[in-house]
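Worksheet: one structure, shown below.
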Amino acid sequence: MIQQHSAERLAEAADAYLAVGRITRLLRRAGDTGALSPGSAAALGTLVRCGPMRLGDLAAAERVTAPTMSRIITQLEKGGYVQRATDPIDGRAHVLSATGPAQDMVNGLTSARIQRFADVLDHLPDDERRILATTLTRIVDLLDE
């Protein structure tokens with residue numbers, strides 16, 4: 001059941017939603033993904049951080065369908081960012097992994113973006129930084145339910 005919200009609550013939600021979008025776009029500019037789409041960069045980042053996995057598991061982690069992830073992986077393979085290997089447990093399946101150049105690229109992007117974000121957070125008092133981190137984590141958890 002969808003809860004009814006006051007105009008004031010909806011305006012607050014809209015402002016916060018737009019701010020999160022702007023923050024994301026601004027931080028994306030801190031690293032160059034070249035020709036990678038945001039979805040491809042996110043999938044590649046997950047492979048680098050989490051290690052090799054099956055396509056279905058990667059799709060689930062990225063909250064997209066398997067066919068969508070299959071298209072993303074095909075492009076990443078063509079670019080030399082992802083390689084497939086036969087799953088040692090199930091020879092019919094494949095395990096995806098990030099190549100060395102992909103790992104270097106993602107780690108460079110991540111560090112540039114995190115560095116930029118840390119620089120901005122340095123302008124906030126300690127208590128505001130802690131509240132922000134706790135609140136954002138809580139929002140992610142609630143949206144993921």
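Just so we're on the same page: first chain in the structure tokens is A, next is B, and so on; residues restart at 1 for each chain, and ligands are numbered from 1 in the order they show up.
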
Query - Which of range 18-83 of chain A fall in helix (DSSP H, G or I), as a PyMOL selection string - result: chain A and resi 18-28+38-50+55-62+66-78

Between range 19-97 of chain A and range 103-114 of chain A, at 12 Å or less, what are the per-residue closest atom pairs and their distances in Å? Count only C-alpha atoms, order by chain and rising residue number, and return it as JSON lines.
```
{"residue": "A:Ile23", "atom": "CA", "partner": "A:Arg113", "partner_atom": "CA", "distance": 10.9}
{"residue": "A:Thr24", "atom": "CA", "partner": "A:Arg113", "partner_atom": "CA", "distance": 9.8}
{"residue": "A:Arg25", "atom": "CA", "partner": "A:Arg113", "partner_atom": "CA", "distance": 10.8}
{"residue": "A:Leu26", "atom": "CA", "partner": "A:Arg113", "partner_atom": "CA", "distance": 9.2}
{"residue": "A:Leu27", "atom": "CA", "partner": "A:Arg113", "partner_atom": "CA", "distance": 5.6}
{"residue": "A:Arg28", "atom": "CA", "partner": "A:Arg113", "partner_atom": "CA", "distance": 7.0}
{"residue": "A:Arg29", "atom": "CA", "partner": "A:Arg113", "partner_atom": "CA", "distance": 8.1}
{"residue": "A:Ala30", "atom": "CA", "partner": "A:Arg113", "partner_atom": "CA", "distance": 5.3}
{"residue": "A:Gly31", "atom": "CA", "partner": "A:Leu109", "partner_atom": "CA", "distance": 4.7}
{"residue": "A:Asp32", "atom": "CA", "partner": "A:Leu109", "partner_atom": "CA", "distance": 6.8}
{"residue": "A:Thr33", "atom": "CA", "partner": "A:Leu109", "partner_atom": "CA", "distance": 7.4}
{"residue": "A:Gly34", "atom": "CA", "partner": "A:Met105", "partner_atom": "CA", "distance": 9.9}
{"residue": "A:Leu36", "atom": "CA", "partner": "A:Met105", "partner_atom": "CA", "distance": 11.1}
{"residue": "A:Ser40", "atom": "CA", "partner": "A:Val106", "partner_atom": "CA", "distance": 11.1}
{"residue": "A:Ala41", "atom": "CA", "partner": "A:Val106", "partner_atom": "CA", "distance": 7.8}
{"residue": "A:Ala42", "atom": "CA", "partner": "A:Val106", "partner_atom": "CA", "distance": 9.3}
{"residue": "A:Ala43", "atom": "CA", "partner": "A:Val106", "partner_atom": "CA", "distance": 10.4}
{"residue": "A:Leu44", "atom": "CA", "partner": "A:Val106", "partner_atom": "CA", "distance": 7.4}
{"residue": "A:Gly45", "atom": "CA", "partner": "A:Val106", "partner_atom": "CA", "distance": 5.9}
{"residue": "A:Thr46", "atom": "CA", "partner": "A:Val106", "partner_atom": "CA", "distance": 9.5}
{"residue": "A:Leu47", "atom": "CA", "partner": "A:Gln103", "partner_atom": "CA", "distance": 8.8}
{"residue": "A:Val48", "atom": "CA", "partner": "A:Gln103", "partner_atom": "CA", "distance": 5.9}
{"residue": "A:Arg49", "atom": "CA", "partner": "A:Gln103", "partner_atom": "CA", "distance": 8.9}
{"residue": "A:Cys50", "atom": "CA", "partner": "A:Gln103", "partner_atom": "CA", "distance": 11.5}
{"residue": "A:Gly51", "atom": "CA", "partner": "A:Gln103", "partner_atom": "CA", "distance": 10.3}
{"residue": "A:Pro52", "atom": "CA", "partner": "A:Gln103", "partner_atom": "CA", "distance": 12.0}
{"residue": "A:Gly80", "atom": "CA", "partner": "A:Gln103", "partner_atom": "CA", "distance": 11.2}
{"residue": "A:Tyr81", "atom": "CA", "partner": "A:Gln103", "partner_atom": "CA", "distance": 8.2}
{"residue": "A:Val82", "atom": "CA", "partner": "A:Gln103", "partner_atom": "CA", "distance": 9.7}
{"residue": "A:Ser97", "atom": "CA", "partner": "A:Gln103", "partner_atom": "CA", "distance": 9.7}
```

Query raised in the report: So what do you get for CA of Leu132 in chain A versus CA of His5 in chain A, distance-wise?
Result: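 Pair CA of Leu132 in chain A / CA of His5 in chain A returns 23.5 Å.
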
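Minimum atom-to-atom distances from A:Leu58, A:Leu124, A:Val20, A:Ala85 to Ile72 in chain A were compared using only C-alpha atoms, and the lowest value belongs to A:Leu58.
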
Report task. Please report, as a ChimeraX atom specification, each residue of chain A to which DSSP assigns strand (DSSP E) when run on this structure's backbone. Result -> /A:82-86,94-98
